[in-house]
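For reference, coords05.txt (compact mmCIF, C-alpha atoms and all ligand atoms):
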```
# COMPACT_ATOMS: atom_id res chain seq x y z
CA MET A 1 8.18 13.54 2.46
CA GLU A 2 11.62 12.29 1.53
CA ILE A 3 12.69 10.68 -1.72
CA ILE A 4 15.20 7.92 -1.07
CA ASN A 5 17.34 6.47 -3.83
CA ARG A 6 19.63 4.19 -1.84
CA ARG A 7 18.80 0.76 -0.46
CA GLN A 8 20.99 1.34 2.55
CA ARG A 9 19.32 4.64 3.47
CA MET A 10 15.86 3.09 2.97
CA SER A 11 16.60 0.18 5.28
CA SER A 12 18.16 2.34 7.98
CA VAL A 13 15.22 4.80 7.92
CA ALA A 14 12.73 1.92 8.15
CA ARG A 15 14.72 0.21 10.91
CA LYS A 16 14.72 3.40 12.96
CA ILE A 17 10.94 3.81 12.58
CA ARG A 18 10.29 0.26 13.71
CA ARG A 19 12.79 0.18 16.57
CA GLU A 20 12.85 3.64 18.04
CA GLN A 21 9.38 4.86 17.28
CA ASP A 22 7.49 1.56 17.38
CA ARG A 23 5.32 2.62 14.45
CA THR A 24 3.83 0.39 11.75
CA VAL A 25 5.19 0.66 8.24
CA GLY A 26 3.18 0.09 5.04
CA LEU A 27 4.81 -0.48 1.66
CA VAL A 28 3.12 0.08 -1.70
CA PRO A 29 5.32 -1.28 -4.51
CA THR A 30 4.71 0.34 -7.90
CA MET A 31 6.40 0.93 -11.24
CA GLY A 32 5.27 4.57 -11.20
CA ALA A 33 3.15 6.46 -13.76
CA LEU A 34 0.73 6.53 -10.87
CA HIS A 35 -3.04 6.40 -11.38
CA GLU A 36 -6.22 5.83 -9.38
CA GLY A 37 -5.45 2.11 -9.05
CA HIS A 38 -2.16 2.83 -7.29
CA LEU A 39 -3.75 5.60 -5.25
CA SER A 40 -6.38 3.23 -3.89
CA LEU A 41 -3.51 1.18 -2.43
CA VAL A 42 -1.85 4.30 -1.04
CA ARG A 43 -5.12 5.41 0.59
CA GLU A 44 -5.54 2.06 2.32
CA ALA A 45 -1.89 2.04 3.41
CA ARG A 46 -2.36 5.54 4.84
CA ARG A 47 -5.47 4.31 6.71
CA MET A 48 -3.81 1.19 8.15
CA CYS A 49 -0.23 2.24 8.84
CA ASP A 50 1.63 4.98 10.71
CA VAL A 51 4.30 5.39 8.05
CA VAL A 52 3.75 4.88 4.31
CA VAL A 53 6.52 4.05 1.85
CA VAL A 54 5.74 3.95 -1.89
CA SER A 55 8.38 2.38 -4.09
CA VAL A 56 8.66 3.57 -7.67
CA PHE A 57 10.86 1.27 -9.72
CA VAL A 58 10.45 0.00 -13.27
CA ASN A 59 11.88 -3.45 -12.70
CA PRO A 60 13.85 -4.69 -15.72
CA THR A 61 13.91 -8.34 -14.62
CA GLN A 62 10.15 -8.74 -15.01
CA PHE A 63 10.17 -7.59 -18.65
CA GLY A 64 10.91 -10.09 -21.40
CA PRO A 65 13.01 -9.38 -24.49
CA GLY A 66 10.99 -7.30 -26.95
CA GLU A 67 8.62 -6.07 -24.21
CA ASP A 68 8.13 -2.42 -23.26
CA PHE A 69 10.80 -1.87 -20.57
CA GLU A 70 12.45 1.03 -22.44
CA HIS A 71 9.15 2.68 -23.36
CA TYR A 72 7.37 2.13 -20.05
CA PRO A 73 6.01 5.54 -18.88
CA ARG A 74 8.22 7.25 -16.29
CA ASP A 75 7.40 10.56 -14.59
CA LEU A 76 8.83 10.77 -11.08
CA THR A 77 8.10 14.51 -10.82
CA LYS A 78 4.39 13.97 -11.41
CA ASP A 79 4.36 10.88 -9.16
CA THR A 80 6.03 12.85 -6.36
CA ALA A 81 3.43 15.62 -6.59
CA LEU A 82 0.59 13.09 -6.36
CA LEU A 83 2.13 11.26 -3.41
CA THR A 84 2.73 14.54 -1.57
CA ASP A 85 -1.04 15.16 -1.77
CA TYR A 86 -1.60 11.74 -0.23
CA ASN A 87 0.70 12.42 2.72
CA VAL A 88 3.09 9.65 1.84
CA ASP A 89 6.17 9.67 4.11
CA TYR A 90 8.81 8.19 1.82
CA ILE A 91 9.22 7.48 -1.87
CA PHE A 92 11.78 4.79 -2.52
CA ALA A 93 12.99 5.35 -6.08
CA PRO A 94 16.22 3.43 -6.64
CA THR A 95 18.11 3.15 -9.92
CA VAL A 96 18.50 -0.19 -11.68
CA GLU A 97 22.18 -0.29 -10.59
CA GLU A 98 21.14 0.27 -6.98
CA MET A 99 18.70 -2.65 -7.04
CA TYR A 100 20.84 -4.93 -9.20
CA PRO A 101 24.47 -3.99 -8.53
CA LYS A 102 27.32 -5.53 -10.48
CA GLY A 103 27.59 -9.21 -9.64
CA PHE A 104 23.90 -9.61 -8.72
CA SER A 105 23.07 -13.27 -9.26
CA THR A 106 20.30 -14.42 -6.91
CA TYR A 107 16.75 -14.86 -8.20
CA VAL A 108 13.58 -16.05 -6.52
CA ASN A 109 11.33 -18.51 -8.33
CA VAL A 110 7.86 -19.37 -7.04
CA GLU A 111 7.27 -22.71 -8.74
CA GLY A 112 3.90 -23.80 -10.14
CA LEU A 113 1.93 -20.57 -9.74
CA SER A 114 4.45 -18.70 -11.90
CA GLU A 115 4.18 -20.93 -14.92
CA GLN A 116 0.55 -20.52 -15.95
CA LEU A 117 -1.49 -17.69 -17.53
CA GLU A 118 0.79 -14.62 -17.52
CA GLY A 119 3.79 -16.86 -16.84
CA ALA A 120 3.10 -18.90 -19.97
CA SER A 121 2.76 -15.77 -22.13
CA ARG A 122 5.64 -13.95 -20.40
CA PRO A 123 8.30 -16.52 -19.40
CA GLY A 124 10.47 -15.27 -16.54
CA HIS A 125 8.03 -12.49 -15.63
CA PHE A 126 7.22 -13.78 -12.15
CA ARG A 127 10.84 -14.63 -11.42
CA GLY A 128 11.50 -10.93 -11.89
CA VAL A 129 8.49 -9.96 -9.79
CA ALA A 130 9.33 -12.37 -6.94
CA THR A 131 12.96 -11.22 -6.95
CA VAL A 132 12.21 -7.50 -6.81
CA VAL A 133 9.49 -7.96 -4.18
CA THR A 134 11.95 -9.96 -2.08
CA ILE A 135 14.50 -7.15 -2.28
CA LEU A 136 11.85 -4.53 -1.45
CA LEU A 137 10.47 -6.49 1.51
CA ASN A 138 13.96 -7.12 2.87
CA THR A 139 14.92 -3.47 2.45
CA VAL A 140 11.83 -1.91 4.03
CA ARG A 141 10.64 -4.80 6.25
CA PRO A 142 7.10 -3.41 6.25
CA ASP A 143 4.34 -4.62 8.56
CA PHE A 144 1.95 -4.51 5.60
CA ALA A 145 2.47 -4.50 1.83
CA PHE A 146 -0.33 -3.53 -0.56
CA PHE A 147 -1.05 -5.01 -3.99
CA GLY A 148 -3.94 -4.90 -6.47
CA GLN A 149 -6.26 -7.70 -7.57
CA LYS A 150 -5.75 -6.22 -11.07
CA ASP A 151 -2.68 -8.47 -11.16
CA ALA A 152 -4.46 -11.50 -9.69
CA GLN A 153 -1.71 -14.00 -10.43
CA GLN A 154 0.95 -11.67 -9.08
CA ALA A 155 -1.04 -11.41 -5.84
CA LEU A 156 -1.05 -15.22 -5.54
CA VAL A 157 2.65 -15.49 -6.33
CA ILE A 158 3.48 -12.88 -3.69
CA ARG A 159 1.28 -14.47 -1.03
CA ARG A 160 3.03 -17.81 -1.71
CA LEU A 161 6.47 -16.17 -1.64
CA VAL A 162 5.80 -14.47 1.69
CA LYS A 163 4.47 -17.67 3.22
CA ASP A 164 7.21 -19.96 1.91
CA LEU A 165 10.13 -17.70 2.74
CA ALA A 166 8.66 -16.59 6.10
CA PHE A 167 8.56 -12.86 5.49
CA ASP A 168 7.19 -10.97 8.45
CA THR A 169 4.84 -8.86 6.29
CA GLU A 170 1.10 -9.11 5.93
CA ILE A 171 -0.02 -8.91 2.29
CA VAL A 172 -3.14 -6.84 1.61
CA ILE A 173 -4.90 -7.26 -1.76
CA LEU A 174 -7.29 -4.53 -2.90
CA PRO A 175 -10.00 -4.52 -5.61
CA ILE A 176 -9.55 -3.48 -9.23
CA VAL A 177 -10.17 0.22 -9.90
CA ARG A 178 -11.85 0.87 -13.27
CA GLU A 179 -12.62 3.74 -15.63
CA ASP A 180 -16.29 4.61 -16.10
CA THR A 181 -16.21 2.45 -19.26
CA GLY A 182 -15.19 -0.54 -17.13
CA LEU A 183 -11.63 -0.56 -18.48
CA ALA A 184 -9.25 -1.58 -15.67
CA ILE A 185 -6.93 1.37 -15.00
CA SER A 186 -3.32 0.63 -15.93
CA SER A 187 -0.17 2.64 -16.63
CA ARG A 188 -0.16 0.90 -20.03
CA ASN A 189 -3.50 2.57 -20.91
CA LEU A 190 -1.28 5.60 -21.67
CA TYR A 191 -0.17 3.74 -24.81
CA LEU A 192 -3.75 3.75 -26.18
CA ASN A 193 -4.99 6.43 -28.56
CA ALA A 194 -8.59 7.66 -28.20
CA ASP A 195 -10.03 4.99 -30.55
CA GLU A 196 -8.12 2.26 -28.78
CA GLN A 197 -9.28 3.52 -25.37
CA ALA A 198 -12.86 3.09 -26.53
CA SER A 199 -12.12 -0.37 -27.98
CA ALA A 200 -10.35 -1.51 -24.80
CA ALA A 201 -13.63 -1.44 -22.89
CA VAL A 202 -14.46 -4.69 -24.73
CA ILE A 203 -12.21 -6.60 -22.31
CA HIS A 204 -14.33 -5.76 -19.29
CA ARG A 205 -17.51 -6.19 -21.33
CA ALA A 206 -16.42 -9.74 -22.15
CA LEU A 207 -15.87 -10.50 -18.46
CA VAL A 208 -19.27 -9.04 -17.54
CA GLN A 209 -21.00 -11.13 -20.21
CA ALA A 210 -19.35 -14.35 -19.02
CA LYS A 211 -20.22 -13.50 -15.44
CA SER A 212 -23.84 -12.91 -16.32
CA ALA A 213 -23.97 -16.28 -18.15
CA TYR A 214 -22.50 -17.82 -15.00
CA LYS A 215 -25.20 -16.17 -12.93
CA ASP A 216 -27.80 -17.56 -15.33
CA GLY A 217 -26.51 -21.06 -14.57
CA GLU A 218 -23.73 -21.73 -17.10
CA ARG A 219 -21.08 -23.89 -15.36
CA SER A 220 -19.02 -25.09 -18.32
CA ALA A 221 -15.63 -23.37 -18.36
CA SER A 222 -15.21 -23.84 -22.10
CA ARG A 223 -18.59 -22.26 -22.85
CA LEU A 224 -17.83 -19.31 -20.57
CA ALA A 225 -14.43 -18.95 -22.23
CA ASP A 226 -16.17 -18.95 -25.64
CA ILE A 227 -18.31 -16.01 -24.55
CA VAL A 228 -15.18 -14.05 -23.62
CA ARG A 229 -13.44 -15.06 -26.87
CA SER A 230 -16.32 -14.15 -29.17
CA THR A 231 -16.96 -10.82 -27.43
CA ILE A 232 -13.32 -9.81 -27.71
CA GLU A 233 -13.10 -11.03 -31.31
CA SER A 234 -16.09 -8.83 -32.18
CA GLU A 235 -13.88 -5.77 -31.63
CA PRO A 236 -11.62 -5.27 -34.68
CA ARG A 237 -8.83 -3.56 -32.71
CA ALA A 238 -8.68 -6.38 -30.13
CA ARG A 239 -6.82 -9.69 -30.26
CA LEU A 240 -7.18 -12.23 -27.46
CA ASP A 241 -3.93 -13.59 -26.00
CA TYR A 242 -5.58 -15.98 -23.55
CA VAL A 243 -8.70 -16.53 -21.53
CA ALA A 244 -8.36 -18.79 -18.49
CA ILE A 245 -10.83 -20.19 -16.01
CA ALA A 246 -8.99 -21.53 -13.01
CA ASP A 247 -9.13 -22.23 -9.31
CA ALA A 248 -8.60 -18.75 -7.82
CA GLU A 249 -6.07 -20.07 -5.29
CA THR A 250 -4.05 -22.73 -7.12
CA LEU A 251 -4.66 -21.54 -10.72
CA ASP A 252 -5.41 -25.15 -11.69
CA PRO A 253 -7.56 -25.04 -14.84
CA LEU A 254 -11.21 -26.00 -14.29
CA GLU A 255 -13.61 -27.69 -16.68
CA ARG A 256 -16.68 -27.10 -14.60
CA ILE A 257 -17.23 -24.38 -12.05
CA ASP A 258 -18.18 -25.58 -8.60
CA GLU A 259 -18.08 -24.12 -5.10
CA ARG A 260 -14.40 -23.15 -5.30
CA PRO A 261 -13.64 -19.46 -5.91
CA THR A 262 -12.97 -19.31 -9.64
CA LEU A 263 -10.79 -16.82 -11.46
CA LEU A 264 -11.71 -15.71 -14.96
CA ALA A 265 -8.58 -14.03 -16.34
CA VAL A 266 -7.96 -12.45 -19.73
CA ALA A 267 -5.03 -10.96 -21.61
CA ALA A 268 -5.70 -9.17 -24.88
CA TYR A 269 -3.93 -6.86 -27.29
CA ILE A 270 -5.61 -3.59 -28.20
CA GLY A 271 -3.58 -2.56 -31.21
CA LYS A 272 -0.02 -3.19 -29.99
CA THR A 273 -0.81 -2.76 -26.29
CA ARG A 274 -1.22 -5.85 -24.15
CA LEU A 275 -3.74 -5.47 -21.32
CA ILE A 276 -4.93 -7.85 -18.61
CA ASP A 277 -8.10 -8.03 -16.55
CA ASN A 278 -9.93 -10.54 -14.40
CA THR A 279 -12.91 -11.24 -12.21
CA ILE A 280 -13.86 -13.81 -9.60
CA LEU A 281 -16.94 -15.65 -10.87
CA ASN A 282 -18.32 -16.99 -7.62
CA LYS A 283 -17.23 -14.76 -4.81
CA VAL A 284 -17.96 -16.54 -1.55
CA LYS A 285 -20.25 -14.27 0.42
CA LYS A 286 -19.34 -13.80 4.07
CA LYS A 287 -22.10 -15.14 6.33
CA GLU A 288 -24.11 -12.51 8.17
CA PRO A 289 -23.61 -12.89 11.92
CA ALA A 290 -26.61 -14.60 13.53
CA PRO A 291 -28.93 -12.17 15.37
CA GLN A 292 -28.29 -12.14 19.11
P1 LIG B 1 2.27 -1.50 -11.34
O1 LIG B 1 2.80 -0.11 -11.16
O2 LIG B 1 1.48 -1.68 -12.59
O3 LIG B 1 3.32 -2.56 -11.13
O4 LIG B 1 1.21 -1.71 -10.18
C1 LIG B 1 1.57 -1.53 -8.84
C2 LIG B 1 0.46 -2.08 -7.97
O5 LIG B 1 -0.76 -1.41 -8.25
C3 LIG B 1 0.20 -3.59 -8.22
O6 LIG B 1 -0.03 -4.23 -6.98
C4 LIG B 1 -1.02 -3.56 -9.08
O7 LIG B 1 -1.81 -4.75 -8.96
C5 LIG B 1 -1.76 -2.37 -8.53
N1 LIG B 1 -2.70 -1.85 -9.52
C6 LIG B 1 -2.42 -1.47 -10.80
N2 LIG B 1 -3.55 -1.11 -11.43
C7 LIG B 1 -4.56 -1.28 -10.55
C8 LIG B 1 -5.98 -1.07 -10.62
N3 LIG B 1 -6.58 -0.65 -11.71
N4 LIG B 1 -6.70 -1.35 -9.51
C9 LIG B 1 -6.11 -1.80 -8.38
N5 LIG B 1 -4.78 -1.99 -8.26
C10 LIG B 1 -4.02 -1.75 -9.33
```

Let me see the structure of the file written as structure tokens.
Ligand code: AMP
Amino acid sequence: MEIINRRQRMSSVARKIRREQDRTVGLVPTMGALHEGHLSLVREARRMCDVVVVSVFVNPTQFGPGEDFEHYPRDLTKDTALLTDYNVDYIFAPTVEEMYPKGFSTYVNVEGLSEQLEGASRPGHFRGVATVVTILLNTVRPDFAFFGQKDAQQALVIRRLVKDLAFDTEIVILPIVREDTGLAISSRNLYLNADEQASAAVIHRALVQAKSAYKDGERSASRLADIVRSTIESEPRARLDYVAIADAETLDPLERIDERPTLLAVAAYIGKTRLIDNTILNKVKKKEPAPQ
């Protein structure tokens, strides 16, 4: 495994692999502080691709003023040890100056999808995400890039970006990995003390309760949202930022749930830590092939 810090070196290594060795390249973009969620992406990349590149970069442009950019957990030594165990070929770990050199002034904005849910709470967040993903995809030019459904809106923004700007990369979205308590695994869970860890399970519990009401026939978005709200409000350490029920592809808000895949997304503070989670209410089941 090689750790690469320079954009130029990363793109020349990747170019060589594609051209001379005709091997497929998979990219897993991360901000480091790696956990089981990230590792599920790495495992799938390892399974699907000949060469696996994991990027580790805490991207300043996707953090708003007053957010946790400075305090975000960073431990490249530990991350490197983990990725060695997973047979990753390259870690791309550039500095901020390498990614955004002096004079940098081009940003990518995915309109519409970027403005709702997380975008409304964190203005400019998806502009930062779309910009850094554009740089990463152009540097590595992977055949496949792997992202988690944990960040459902980010997955939509990236799919749109890749389609609109004609990137030659297939985007693979993988399911949310959870703790035994149901808490979605996140690097930000490191901010939680033991009491807060226990309280944070309320977020998933709220989603499960709404989903079970949906299964029992509830189709009103506002009533389902109320279930999420009241469950989260029952936990003294938790404060709801938003609950949204929206078309899982366009993020248009829905009043009633119909046949369309529907995203139930939540952001909540546990103490000072802001966490997100989501579920798809009505996953469309793939039809069984007819017996021959
Ligand atoms: P991050 O380092 O938080 O930017 O995450 C890097 C990638 O890992 C993103 O595509 C996330 O959606 C994904 N990811 C983070 N947590 C999880 C999780 N619990 N399950 C699945 N994917 C995750």

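Distance check against Ser212 of chain A using only C-alpha atoms: of A:Ser40, A:Gln62, A:Asn282, A:Thr139, the minimum falls on A:Asn282.
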
Could you tell me, counting only C-alpha atoms and all ligand atoms, which protein and nucleic acid residues lie no more than 7 Å from ligand LIG 1 (chain B), written as a PDB file with C-alpha atoms, keeping the file's coordinate frame?
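Result file is pocket_13.pdb:
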```
ATOM      1  CA  PRO A  29       5.320  -1.280  -4.510  1.00  0.00           C
ATOM      2  CA  THR A  30       4.710   0.340  -7.900  1.00  0.00           C
ATOM      3  CA  MET A  31       6.400   0.930 -11.240  1.00  0.00           C
ATOM      4  CA  GLY A  32       5.270   4.570 -11.200  1.00  0.00           C
ATOM      5  CA  LEU A  34       0.730   6.530 -10.870  1.00  0.00           C
ATOM      6  CA  GLU A  36      -6.220   5.830  -9.380  1.00  0.00           C
ATOM      7  CA  GLY A  37      -5.450   2.110  -9.050  1.00  0.00           C
ATOM      8  CA  HIS A  38      -2.160   2.830  -7.290  1.00  0.00           C
ATOM      9  CA  SER A  40      -6.380   3.230  -3.890  1.00  0.00           C
ATOM     10  CA  LEU A  41      -3.510   1.180  -2.430  1.00  0.00           C
ATOM     11  CA  PHE A 146      -0.330  -3.530  -0.560  1.00  0.00           C
ATOM     12  CA  PHE A 147      -1.050  -5.010  -3.990  1.00  0.00           C
ATOM     13  CA  GLY A 148      -3.940  -4.900  -6.470  1.00  0.00           C
ATOM     14  CA  GLN A 149      -6.260  -7.700  -7.570  1.00  0.00           C
ATOM     15  CA  LYS A 150      -5.750  -6.220 -11.070  1.00  0.00           C
ATOM     16  CA  ASP A 151      -2.680  -8.470 -11.160  1.00  0.00           C
ATOM     17  CA  LEU A 174      -7.290  -4.530  -2.900  1.00  0.00           C
ATOM     18  CA  PRO A 175     -10.000  -4.520  -5.610  1.00  0.00           C
ATOM     19  CA  ILE A 176      -9.550  -3.480  -9.230  1.00  0.00           C
ATOM     20  CA  VAL A 177     -10.170   0.220  -9.900  1.00  0.00           C
ATOM     21  CA  ARG A 178     -11.850   0.870 -13.270  1.00  0.00           C
ATOM     22  CA  ALA A 184      -9.250  -1.580 -15.670  1.00  0.00           C
ATOM     23  CA  ILE A 185      -6.930   1.370 -15.000  1.00  0.00           C
ATOM     24  CA  SER A 186      -3.320   0.630 -15.930  1.00  0.00           C
ATOM     25  CA  SER A 187      -0.170   2.640 -16.630  1.00  0.00           C
TER      26      SER A 187
END
```

In Å, how far is it from atom CA of Lys102 of chain A to atom CA of Asn138 of chain A? 19.0 Å

Expected answer as a PyMOL selection string: all residues with atoms within 10 Å of (-3.8, 5.6, 0.2), only C-alpha atoms: chain A and resi 28+36+38-49+52+54+83+86-88+146

Restricting it to C-alpha atoms, dump the selection as a short mmCIF file (atom, residue, chain, number, x, y, z; two decimals), keeping the file's coordinate frame.
```cif
data_model
loop_
_atom_site.label_atom_id
_atom_site.label_comp_id
_atom_site.auth_asym_id
_atom_site.auth_seq_id
_atom_site.Cartn_x
_atom_site.Cartn_y
_atom_site.Cartn_z
CA VAL A 28 3.12 0.08 -1.70
CA GLU A 36 -6.22 5.83 -9.38
CA HIS A 38 -2.16 2.83 -7.29
CA LEU A 39 -3.75 5.60 -5.25
CA SER A 40 -6.38 3.23 -3.89
CA LEU A 41 -3.51 1.18 -2.43
CA VAL A 42 -1.85 4.30 -1.04
CA ARG A 43 -5.12 5.41 0.59
CA GLU A 44 -5.54 2.06 2.32
CA ALA A 45 -1.89 2.04 3.41
CA ARG A 46 -2.36 5.54 4.84
CA ARG A 47 -5.47 4.31 6.71
CA MET A 48 -3.81 1.19 8.15
CA CYS A 49 -0.23 2.24 8.84
CA VAL A 52 3.75 4.88 4.31
CA VAL A 54 5.74 3.95 -1.89
CA LEU A 83 2.13 11.26 -3.41
CA TYR A 86 -1.60 11.74 -0.23
CA ASN A 87 0.70 12.42 2.72
CA VAL A 88 3.09 9.65 1.84
CA PHE A 146 -0.33 -3.53 -0.56
#
```

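If you look at atom CA of Arg19 of chain A and atom CA of Phe144 of chain A, they are 16.1 Å away from each other.
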